[in-house]
Structures are given as structure tokens and as C-alpha cells.
>>> print(open('start29.txt').read())   # compact mmCIF, C-alpha atoms
# COMPACT_ATOMS: atom_id res chain seq x y z
CA MET A 1 96.18 4.01 -91.86
CA ASP A 2 98.21 6.94 -93.25
CA PHE A 3 100.24 9.34 -91.11
CA THR A 4 101.56 12.62 -92.53
CA GLY A 5 104.34 14.61 -90.91
CA ARG A 6 107.99 15.57 -90.70
CA ILE A 7 110.73 13.08 -89.82
CA ILE A 8 112.31 14.11 -86.54
CA GLN A 9 114.76 11.25 -86.26
CA LYS A 10 115.57 7.99 -87.97
CA LEU A 11 116.86 5.59 -85.33
CA ASP A 12 119.69 3.12 -85.92
CA LEU A 13 119.08 -0.23 -87.57
CA VAL A 14 118.73 -3.03 -84.99
CA GLU A 15 119.53 -6.61 -86.00
CA GLY A 16 119.34 -9.90 -84.15
CA VAL A 17 118.69 -13.63 -84.27
CA SER A 18 115.54 -15.25 -82.91
CA LYS A 19 115.49 -18.36 -80.69
CA SER A 20 114.70 -20.44 -83.75
CA GLY A 21 117.80 -19.10 -85.53
CA ASN A 22 116.08 -16.69 -87.93
CA GLU A 23 117.73 -13.34 -88.50
CA TRP A 24 115.60 -10.21 -88.07
CA LYS A 25 116.08 -6.47 -88.37
CA LYS A 26 114.05 -3.38 -87.56
CA GLN A 27 114.39 0.39 -87.81
CA GLU A 28 112.24 3.02 -86.16
CA LEU A 29 111.21 6.43 -87.42
CA LEU A 30 110.13 9.29 -85.16
CA LEU A 31 107.49 11.40 -86.91
CA ASP A 32 106.09 14.84 -85.97
CA LEU A 33 102.50 14.51 -87.15
CA VAL A 34 100.49 17.22 -88.89
CA THR A 35 97.74 18.24 -86.47
CA ASP A 36 94.99 20.82 -86.36
CA ASN A 37 96.33 22.39 -83.16
CA PRO A 38 100.08 23.22 -83.10
CA MET A 39 99.92 23.87 -79.33
CA TYR A 40 99.64 20.11 -78.78
CA PRO A 41 102.21 18.40 -81.01
CA LYS A 42 101.76 14.71 -81.72
CA ARG A 43 104.75 12.47 -82.21
CA LEU A 44 104.67 8.87 -83.31
CA CYS A 45 107.33 6.19 -83.41
CA ILE A 46 106.76 3.89 -86.40
CA THR A 47 108.63 0.57 -86.72
CA PHE A 48 109.70 -0.98 -90.03
CA PHE A 49 110.60 -4.71 -89.89
CA GLY A 50 112.62 -6.99 -92.16
CA ASP A 51 113.10 -5.93 -95.77
CA ARG A 52 110.86 -2.90 -95.20
CA THR A 53 113.77 -1.20 -93.39
CA GLU A 54 115.25 -0.56 -96.85
CA LEU A 55 112.30 1.73 -97.61
CA LEU A 56 113.76 4.27 -95.13
CA SER A 57 117.15 4.67 -96.86
CA PRO A 58 116.22 7.67 -99.09
CA PHE A 59 114.62 9.62 -96.21
CA ASP A 60 116.39 11.81 -93.64
CA ALA A 61 115.43 14.01 -90.69
CA GLY A 62 113.49 17.12 -91.68
CA MET A 63 111.78 15.58 -94.71
CA ASN A 64 107.99 15.63 -95.03
CA VAL A 65 106.54 12.16 -95.59
CA VAL A 66 103.38 10.09 -95.68
CA VAL A 67 103.70 6.73 -93.90
CA ALA A 68 101.20 3.89 -94.26
CA ALA A 69 101.14 1.75 -91.13
CA ASP A 70 99.08 -0.82 -89.25
CA VAL A 71 98.20 -0.10 -85.63
CA GLU A 72 97.56 -3.17 -83.50
CA SER A 73 97.40 -4.06 -79.83
CA ARG A 74 98.09 -7.40 -78.19
CA GLU A 75 97.82 -8.78 -74.69
CA PHE A 76 100.74 -10.48 -72.94
CA GLY A 77 100.88 -11.36 -69.27
CA GLY A 78 97.81 -9.31 -68.42
CA LYS A 79 99.17 -6.14 -70.03
CA TRP A 80 98.38 -4.60 -73.40
CA TYR A 81 101.03 -3.49 -75.89
CA THR A 82 100.46 -1.38 -79.01
CA ASN A 83 102.63 -1.50 -82.14
CA VAL A 84 102.67 0.85 -85.12
CA ASN A 85 104.20 -1.12 -88.01
CA GLY A 86 105.02 0.80 -91.18
CA TYR A 87 104.77 -0.85 -94.57
CA ARG A 88 105.02 2.08 -97.03
CA ILE A 89 106.62 5.53 -97.00
CA SER A 90 106.63 8.29 -99.61
CA ALA A 91 107.54 11.97 -99.83
CA ALA A 92 104.66 14.27 -98.94
CA ALA A 93 103.07 16.28 -101.75
CA ASN A 94 104.15 19.53 -100.09
CA ALA A 95 107.82 18.56 -99.80
CA ASP A 96 108.87 22.17 -100.53
CA PRO A 97 111.09 23.28 -97.58
CA ALA A 98 109.35 26.68 -97.55
CA ASN A 99 106.06 24.92 -96.84
CA VAL A 100 107.02 22.87 -93.78
CA ALA A 101 104.49 20.31 -92.63
CA GLY A 102 104.12 19.28 -89.04
CA ASN A 103 103.74 21.58 -86.12
CA PRO A 104 105.21 25.04 -86.73
CA GLY A 105 105.65 25.59 -82.99
CA VAL A 106 108.17 22.75 -82.65
CA ALA A 107 111.80 23.62 -83.37
CA MET A 108 113.93 21.29 -85.49
CA ASN A 109 116.52 21.31 -82.67
CA ASP A 110 113.89 19.81 -80.35
CA VAL A 111 114.89 16.20 -81.03
CA PRO A 112 115.58 13.28 -78.74
CA THR A 113 119.24 12.48 -78.19
CA SER A 114 120.91 9.18 -77.40
CA SER A 115 121.08 10.22 -73.74
CA GLY A 116 117.37 11.03 -73.57
CA TYR A 117 115.02 13.82 -74.43
CA ALA A 118 116.84 17.17 -74.53
CA PRO A 119 114.67 20.03 -75.81
CA ASN A 120 116.32 23.05 -77.34
CA PHE A 121 113.97 25.94 -77.99
CA GLY A 122 116.22 28.14 -80.09
CA SER A 123 119.50 29.80 -79.23
CA ALA A 124 121.03 29.83 -75.77
CA ALA A 125 119.80 32.53 -73.43
CA THR A 126 122.01 35.57 -73.05
CA PRO A 127 123.04 36.15 -69.46
CA VAL A 128 121.66 39.37 -68.00
CA SER A 129 123.37 41.10 -65.12
CA SER A 130 121.25 41.92 -62.09
CA ASN A 131 121.60 45.65 -62.83
CA ASP A 132 120.25 45.25 -66.36
CA ALA A 133 117.38 42.93 -65.50
CA PHE A 134 114.99 45.68 -64.38
CA GLY A 135 116.72 48.83 -65.57
CA SER A 136 120.07 50.43 -64.93
CA ASP A 137 119.36 51.88 -61.47
CA ALA A 138 122.36 50.46 -59.59
CA ALA A 139 121.52 52.26 -56.31
CA ASP A 140 118.25 50.37 -55.88
CA ASP A 141 119.18 46.71 -55.32
CA LEU A 142 115.79 45.56 -54.02
CA PRO A 143 114.17 42.78 -56.06
CA PHE A 144 110.70 44.40 -55.85
>>> encode(input="start29.txt", output="C-alpha cells")
Amino acid sequence: MDFTGRIIQKLDLVEGVSKSGNEWKKQELLLDLVTDNPMYPKRLCITFFGDRTELLSPFDAGMNVVVAADVESREFGGKWYTNVNGYRISAAANADPANVAGNPGVAMNDVPTSSGYAPNFGSAATPVSSNDAFGSDAADDLPF
């Protein structure tokens, strides 16, 4: 299955050793998918395992890509878990920065941080004094 969108974040490479002594590594990619309705953005975390993690090296946040991945679910202990495992990634055909794929309503600053999800919808708000909020009539201090 192919997924087209803009890379929001490329997570750090995670490495480890299994119980049987085999080394493993994985890297995850957070993708802002191209959808028909920009009011409802779709994001997808795609995992690349083993040598496939090297496929991610030429790609950075903000790039438009097409990712081929397998989606599979498995049952463990009475619960179901779904994995999205990537096996191929390429630059999208419309990789021109002026023609940004993904959801135009989502700001590039709206990315998850290491401390959690911290949206940023543009520049910081400018403080407004109470006199300027509803006009400059300083004598009338009623809120209605």
C-alpha cells in the first residue's frame, strides 16, 4: 500500500539486542498524509526495520514522499496491535516546495516534540491591553 505525504518528523534510530542475541534496529517516520479534506488531517507513523532504516537517510522533515508499506494486525494476550512497516520510500513527483503536498491547514511548526505534542499555530499572540480589546473608551470598564 502506498502513502503520499509530507514528512513531519524522522524519529531517532533505535537499536537493541533480542533475547536470542540478534541485533536489531528500527526508525520511525511521521507522515502528514495527502487527504481530500484538509479540515481533518491524517498522520501516520511508519516503521522501517533492519537495513531498511538506511532508506531514510536522504530524507528530512518537510520533504514530500511516497512510502510503500505493509499494514498488518496481530493478536497478543486478547488485544489487537496494528503495525505499519515501510519497505520503500521515494521523493514525491511534486517535490517542488511551492507545491506543498499534505494538508495546507497544518503548519510546519505543528510537530511533536520530545516532551509530547506541542502545537504551534503560527506566531505568538500579541498581548492586548484591556482598554484596546474593545476600543479605546477607558471610562467604560464594563466587560459587556
>>> closest_residue(input="start29.txt", among="A:Gly5, A:Pro38, A:Gly86, A:Gly78", to="Arg52 of chain A", atoms="all atoms listed in the file")
A:Gly86
>>> closest_residue(input="start29.txt", among="A:Glu28, A:Asp36, A:Asp60, A:Glu15", to="Asn85 of chain A", atoms="only C-alpha atoms")
A:Glu28
>>> atom_distance(input="start29.txt", atom1="atom CA of Arg6 of chain A", atom2="atom CA of Leu31 of chain A")
5.7 Å
>>> atom_distance(input="start29.txt", atom1="atom CA of Phe59 of chain A", atom2="atom CA of Asp12 of chain A")
13.2 Å
>>> closest_residue(input="start29.txt", among="A:Thr35, A:Ser57, A:Asn64, A:Thr47", to="Asn83 of chain A", atoms="all atoms listed in the file")
A:Thr47
>>> atom_distance(input="start29.txt", atom1="atom CA of Gln9 of chain A", atom2="atom CA of Ala68 of chain A")
17.4 Å
>>> closest_residue(input="start29.txt", among="A:Ala92, A:Leu11, A:Met1, A:Val34", to="Met63 of chain A", atoms="only C-alpha atoms")
A:Ala92
>>> axis_aligned_box(input="start29.txt", around="segment 62-77 of chain A", padding_each_side="8 Å", output="JSON")
{"center_x": 105.4, "center_y": 2.9, "center_z": -82.5, "size_x": 32.1, "size_y": 44.5, "size_z": 42.4}
